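Enquirer: Following this line is start36.pdb, made up of PDB, C-alpha atoms:
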```pdb
ATOM      1  CA  MET A   1      -6.325  -7.310  12.534
ATOM      2  CA  GLU A   2      -2.923  -8.736  13.321
ATOM      3  CA  SER A   3       0.003  -6.588  14.225
ATOM      4  CA  HIS A   4       3.495  -6.582  15.597
ATOM      5  CA  GLY A   5       4.575  -4.670  18.698
ATOM      6  CA  LEU A   6       6.233  -1.296  18.392
ATOM      7  CA  PHE A   7       6.814   1.492  20.894
ATOM      8  CA  TYR A   8       5.689   5.041  20.269
ATOM      9  CA  PHE A   9       7.154   7.634  22.591
ATOM     10  CA  TYR A  10       5.587  10.900  23.486
ATOM     11  CA  LYS A  11       6.279  13.357  26.237
ATOM     12  CA  LEU A  12       3.666  14.256  28.785
ATOM     13  CA  GLU A  13       4.051  17.415  30.817
ATOM     14  CA  VAL A  14       3.973  15.659  34.194
ATOM     15  CA  ALA A  15       6.595  16.722  36.735
ATOM     16  CA  MET A  16       9.751  15.452  35.066
ATOM     17  CA  ALA A  17       8.388  12.097  33.951
ATOM     18  CA  LEU A  18       8.435  10.553  30.553
ATOM     19  CA  LYS A  19       5.527   8.251  29.957
ATOM     20  CA  VAL A  20       5.318   6.033  26.942
ATOM     21  CA  GLY A  21       2.311   4.497  25.338
ATOM     22  CA  ILE A  22       2.660   0.989  23.992
ATOM     23  CA  ILE A  23       0.450   0.657  20.976
ATOM     24  CA  LYS A  24       0.194  -1.648  18.046
ATOM     25  CA  SER A  25       2.385  -1.055  15.065
ATOM     26  CA  SER A  26       1.135   0.265  11.756
ATOM     27  CA  ASP A  27       2.047  -3.134  10.255
ATOM     28  CA  VAL A  28      -1.448  -4.602  10.179
ATOM     29  CA  SER A  29      -3.172  -7.144   7.994
ATOM     30  CA  LYS A  30      -6.689  -8.439   7.450
ATOM     31  CA  TRP A  31      -8.444 -11.136   5.432
ATOM     32  CA  CYS A  32     -10.503  -9.569   2.612
ATOM     33  CA  GLU A  33     -13.006 -11.258   0.317
ATOM     34  CA  TYR A  34     -12.546 -10.690  -3.407
ATOM     35  CA  LYS A  35     -15.955 -10.896  -5.077
ATOM     36  CA  GLY A  36     -16.823 -11.298  -8.736
ATOM     37  CA  VAL A  37     -19.327  -9.154 -10.620
ATOM     38  CA  ASP A  38     -22.077 -11.547  -9.476
ATOM     39  CA  GLY A  39     -21.226 -10.832  -5.822
ATOM     40  CA  GLU A  40     -19.913 -14.339  -5.173
ATOM     41  CA  VAL A  41     -16.672 -14.654  -3.200
ATOM     42  CA  GLN A  42     -13.999 -15.870  -5.607
ATOM     43  CA  ALA A  43     -10.981 -15.795  -3.308
ATOM     44  CA  GLU A  44      -9.722 -14.377  -0.028
ATOM     45  CA  PHE A  45      -6.572 -12.320   0.354
ATOM     46  CA  LYS A  46      -4.732 -11.476   3.536
ATOM     47  CA  VAL A  47      -3.783  -7.858   2.862
ATOM     48  CA  ARG A  48      -1.287  -5.683   4.724
ATOM     49  CA  GLY A  49      -1.781  -1.987   5.378
ATOM     50  CA  ILE A  50      -0.379   0.312   2.698
ATOM     51  CA  ALA A  51       2.178   1.821   5.113
ATOM     52  CA  TYR A  52       3.989  -1.540   5.410
ATOM     53  CA  LYS A  53       7.602  -0.390   5.220
ATOM     54  CA  PRO A  54       8.904  -3.035   2.760
ATOM     55  CA  PHE A  55       6.094  -2.016   0.371
ATOM     56  CA  GLN A  56       6.975   1.667   0.683
ATOM     57  CA  VAL A  57      10.650   0.847   0.045
ATOM     58  CA  ALA A  58       9.699  -1.206  -3.035
ATOM     59  CA  ILE A  59       7.602   1.667  -4.414
ATOM     60  CA  GLU A  60      10.494   4.071  -3.910
ATOM     61  CA  ARG A  61      12.878   1.633  -5.610
ATOM     62  CA  ALA A  62      10.483   1.252  -8.548
ATOM     63  CA  GLY A  63      10.509   5.014  -9.044
ATOM     64  CA  ASN A  64      14.288   5.129  -8.717
ATOM     65  CA  GLN A  65      14.711   2.301 -11.212
ATOM     66  CA  ILE A  66      12.630   4.086 -13.815
ATOM     67  CA  SER A  67      14.505   7.349 -13.215
ATOM     68  CA  SER A  68      17.955   5.758 -13.317
ATOM     69  CA  LYS A  69      17.395   3.954 -16.636
ATOM     70  CA  GLY A  70      16.868   7.221 -18.446
ATOM     71  CA  TYR A  71      14.774   7.708 -21.524
ATOM     72  CA  ASP A  72      16.841   5.991 -24.220
ATOM     73  CA  VAL A  73      14.071   4.237 -26.134
ATOM     74  CA  MET A  74      16.467   2.915 -28.764
ATOM     75  CA  VAL A  75      18.070   0.393 -26.372
ATOM     76  CA  LYS A  76      16.418  -3.028 -26.403
ATOM     77  CA  ASP A  77      16.239  -4.565 -22.927
ATOM     78  CA  GLU A  78      14.255  -7.810 -22.757
ATOM     79  CA  ASP A  79      14.376  -7.872 -18.936
ATOM     80  CA  ALA A  80      13.161  -4.311 -18.431
ATOM     81  CA  LYS A  81       9.777  -3.896 -16.759
ATOM     82  CA  LEU A  82       7.214  -1.181 -17.206
ATOM     83  CA  TYR A  83       6.493   1.021 -14.201
ATOM     84  CA  HIS A  84       3.061  -0.511 -13.628
ATOM     85  CA  GLU A  85       4.631  -3.992 -13.659
ATOM     86  CA  LEU A  86       7.024  -2.896 -10.909
ATOM     87  CA  LEU A  87       4.076  -1.562  -8.886
ATOM     88  CA  MET A  88       2.235  -4.859  -9.304
ATOM     89  CA  ASP A  89       5.325  -6.799  -8.225
ATOM     90  CA  ALA A  90       5.651  -4.601  -5.133
ATOM     91  CA  CYS A  91       2.003  -5.286  -4.310
ATOM     92  CA  ALA A  92       2.445  -9.025  -4.929
ATOM     93  CA  ALA A  93       5.496  -9.283  -2.701
ATOM     94  CA  HIS A  94       4.518  -6.956   0.127
ATOM     95  CA  LEU A  95       0.803  -6.094   0.337
ATOM     96  CA  ILE A  96      -0.470  -9.638  -0.138
ATOM     97  CA  GLU A  97       0.493 -11.745   2.868
ATOM     98  CA  ASP A  98      -1.479 -14.900   2.038
ATOM     99  CA  TRP A  99      -4.495 -16.119   0.076
ATOM    100  CA  LYS A 100      -7.183 -18.783  -0.085
ATOM    101  CA  GLY A 101      -8.981 -20.119  -3.129
ATOM    102  CA  VAL A 102      -6.638 -18.931  -5.889
ATOM    103  CA  VAL A 103      -6.673 -21.529  -8.659
ATOM    104  CA  PHE A 104      -4.342 -21.398 -11.653
ATOM    105  CA  ALA A 105      -5.352 -23.088 -14.906
ATOM    106  CA  GLU A 106      -2.431 -24.344 -16.991
ATOM    107  CA  ILE A 107      -2.319 -26.267 -20.234
ATOM    108  CA  VAL A 108      -0.384 -29.512 -19.803
ATOM    109  CA  ASP A 109      -0.170 -31.955 -22.716
ATOM    110  CA  GLY A 110      -3.022 -30.163 -24.476
ATOM    111  CA  LYS A 111      -5.355 -30.397 -21.450
ATOM    112  CA  THR A 112      -6.338 -27.699 -18.997
ATOM    113  CA  VAL A 113      -5.181 -28.570 -15.500
ATOM    114  CA  GLU A 114      -6.440 -26.519 -12.575
ATOM    115  CA  SER A 115      -4.518 -26.404  -9.322
ATOM    116  CA  GLU A 116      -4.821 -24.319  -6.187
ATOM    117  CA  LYS A 117      -1.457 -22.673  -5.675
ATOM    118  CA  PRO A 118      -0.109 -21.488  -2.326
ATOM    119  CA  TYR A 119       0.777 -17.839  -1.891
ATOM    120  CA  THR A 120       4.317 -16.954  -2.845
ATOM    121  CA  PRO A 121       5.473 -13.558  -4.113
ATOM    122  CA  GLU A 122       6.201 -15.219  -7.485
ATOM    123  CA  ASN A 123       2.700 -16.748  -7.753
ATOM    124  CA  ALA A 124       1.163 -13.430  -6.710
ATOM    125  CA  SER A 125       3.183 -11.626  -9.389
ATOM    126  CA  LYS A 126       1.901 -14.098 -12.004
ATOM    127  CA  LEU A 127      -1.667 -13.520 -10.805
ATOM    128  CA  LEU A 128      -1.448  -9.720 -10.867
ATOM    129  CA  ASN A 129       0.102  -9.749 -14.349
ATOM    130  CA  LEU A 130      -2.730 -11.825 -15.892
ATOM    131  CA  GLY A 131      -4.383  -9.083 -17.933
ATOM    132  CA  ASP A 132      -7.721  -7.615 -16.852
ATOM    133  CA  ILE A 133      -8.314  -9.960 -13.879
ATOM    134  CA  GLY A 134      -4.832  -9.177 -12.569
ATOM    135  CA  ILE A 135      -5.427  -5.438 -12.767
ATOM    136  CA  SER A 136      -8.794  -5.854 -11.049
ATOM    137  CA  ILE A 137      -7.216  -7.833  -8.189
ATOM    138  CA  TRP A 138      -4.339  -5.338  -7.949
ATOM    139  CA  LEU A 139      -6.783  -2.431  -7.580
ATOM    140  CA  PHE A 140      -8.781  -4.413  -5.004
ATOM    141  CA  ILE A 141      -5.624  -5.141  -2.974
ATOM    142  CA  LYS A 142      -4.531  -1.480  -3.086
ATOM    143  CA  GLU A 143      -7.973  -0.236  -1.989
ATOM    144  CA  GLN A 144      -8.140  -2.750   0.864
ATOM    145  CA  ALA A 145      -4.584  -1.915   1.962
ATOM    146  CA  GLN A 146      -5.534   1.770   2.115
ATOM    147  CA  LYS A 147      -8.683   1.063   4.185
ATOM    148  CA  ILE A 148      -6.807  -1.247   6.554
ATOM    149  CA  GLN A 149      -4.150   1.418   7.086
ATOM    150  CA  GLU A 150      -6.706   4.181   7.669
ATOM    151  CA  ASP A 151      -8.410   2.053  10.342
ATOM    152  CA  ALA A 152      -5.058   1.269  11.996
ATOM    153  CA  ASP A 153      -4.070   4.937  11.931
ATOM    154  CA  LYS A 154      -7.382   5.915  13.566
ATOM    155  CA  ASP A 155      -6.800   3.341  16.308
ATOM    156  CA  LYS A 156      -3.262   4.665  16.828
ATOM    157  CA  ALA A 157      -4.533   8.232  17.066
ATOM    158  CA  LEU A 158      -7.125   7.248  19.665
ATOM    159  CA  ILE A 159      -4.524   5.496  21.785
ATOM    160  CA  LEU A 160      -2.147   8.441  21.577
ATOM    161  CA  GLY A 161      -4.962  10.824  22.441
ATOM    162  CA  LYS A 162      -5.115  12.740  19.178
ATOM    163  CA  SER A 163      -8.340  13.359  17.425
ATOM    164  CA  TRP A 164      -8.387  12.049  13.836
ATOM    165  CA  SER A 165      -9.352  15.395  12.357
ATOM    166  CA  SER A 166      -6.470  17.187  14.041
ATOM    167  CA  THR A 167      -3.944  15.137  12.067
ATOM    168  CA  ASN A 168      -5.323  16.057   8.661
ATOM    169  CA  THR A 169      -2.860  18.417   7.024
ATOM    170  CA  LYS A 170      -4.233  18.403   3.500
ATOM    171  CA  LYS A 171      -5.623  21.933   3.670
ATOM    172  CA  ARG A 172      -3.084  24.706   3.532
ATOM    173  CA  MET A 173      -3.671  28.071   5.004
ATOM    174  CA  ARG A 174      -2.833  30.895   2.676
ATOM    175  CA  ARG A 175      -1.208  34.007   3.951
ATOM    176  CA  LYS A 176      -2.536  37.273   2.722
ATOM    177  CA  ARG A 177       0.036  39.172   0.798
ATOM    178  CA  ARG A 178       0.303  42.845   1.329
ATOM    179  CA  THR A 179       0.734  44.899  -1.743
ATOM    180  CA  LYS A 180       2.511  48.199  -1.697
ATOM    181  CA  SER A 181       0.552  50.971  -3.209
ATOM    182  CA  SER A 182       2.541  53.259  -5.398
ATOM    183  CA  LYS A 183       2.631  56.836  -4.272
ATOM    184  CA  SER A 184       1.944  59.368  -6.912
ATOM    185  CA  SER A 185       3.532  62.769  -6.697
ATOM    186  CA  SER A 186       1.363  65.660  -7.786
TER     187      SER A 186
END
```
Translate the structure described by the file into structure tokens.
Expert:
Amino acid sequence: MESHGLFYFYKLEVAMALKVGIIKSSDVSKWCEYKGVDGEVQAEFKVRGIAYKPFQVAIERAGNQISSKGYDVMVKDEDAKLYHELLMDACAAHLIEDWKGVVFAEIVDGKTVESEKPYTPENASKLLNLGDIGISIWLFIKEQAQKIQEDADKDKALILGKSWSSTNTKKRMRRKRRTKSSKSSS
């Protein structure tokens, strides 16, 4: 995993001293093999963790864009994108950092010409918007980004001295409500 430096501060109760732990940032990436249904490696993608801030900003902007356009379905806008297209573009631009073995087939002068294209956000957007294979790759990238982030978060928790289970806040504790009993007068 590759990462960029970032400081995390925490206070230790040690006679008026502030100690800081220098740990790796949550901006991590890893090469992942994309395999076909036959199990053969078809391409490799360098995927960033899902908490990568530019990706999170892009997701928020996608939601804001959909909300701000309203629901006027009578207006024809050729440049408008569907929500899932915005999500794929965010993935293409921010979760994919690089790739190996991605070959585009184009028809030139009536002949199919195959060429290995370098990673660019534009090429990645084209790839992810290629029907079923694009959706399959998009799901693969999202799953890998989630796993990479979970591993990075576990490492961060170990360095900071927290146990992984103590940071799970999914379960809510319910408070018991007291009910007043009505007094009957007899």
Enquirer: Apply the PyMOL selection byres ((chain A and resi 143) around 12) to the file shown and report the selected residues as a PyMOL selection string.
Expert: chain A and resi 32+34+47-50+91+95+136-142+144-150
Enquirer: Compare A:Asp79, A:Asp89, A:Glu60, A:Asp98 by their minimum atom-to-atom distance to Lys46 of chain A, counting only C-alpha atoms, and give me the closest one.
Expert: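 Of all the options, A:Asp98 lies closest to Lys46 of chain A.
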Enquirer: Between atom CA of Ala43 of chain A and atom CA of Lys100 of chain A, what is the distance in Å, rounded to a tenth?
Expert: 5.8 Å
Enquirer: By how many Å are atom CA of Tyr119 of chain A and atom CA of Tyr83 of chain A apart?
Expert: 23.2 Å
Enquirer: On this structure, which residues satisfy the PyMOL selection byres ((chain A and resi 85) around 12), written as a PyMOL selection string?
Expert: chain A and resi 59+62-63+66+79-84+86-92+125-131+134-135+138
Enquirer: Could you work out an axis-aligned bounding box for all listed atoms of segment 54-57 of chain A, with 4 Å added on each of the six sides, and give its centre and edge lengths in Å to one decimal, as lines of an AutoDock Vina configuration file?
Expert:
```
center_x = 8.4
center_y = -0.7
center_z = 1.4
size_x = 12.6
size_y = 12.7
size_z = 10.7
```
Enquirer: Please compute the atom CA of His94 of chain A-atom CA of Pro118 of chain A distance, one decimal, in Å.
Expert: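 These atoms are spaced 15.4 Å apart.
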Enquirer: Find the residues near Glu116 of chain A: any atom within 12 Å, counting only C-alpha atoms, skip ones fewer than 3 places away on the same chain, and give them as an MDAnalysis selection string.
Expert: chainID A and resid 43 99:106 113 119 123
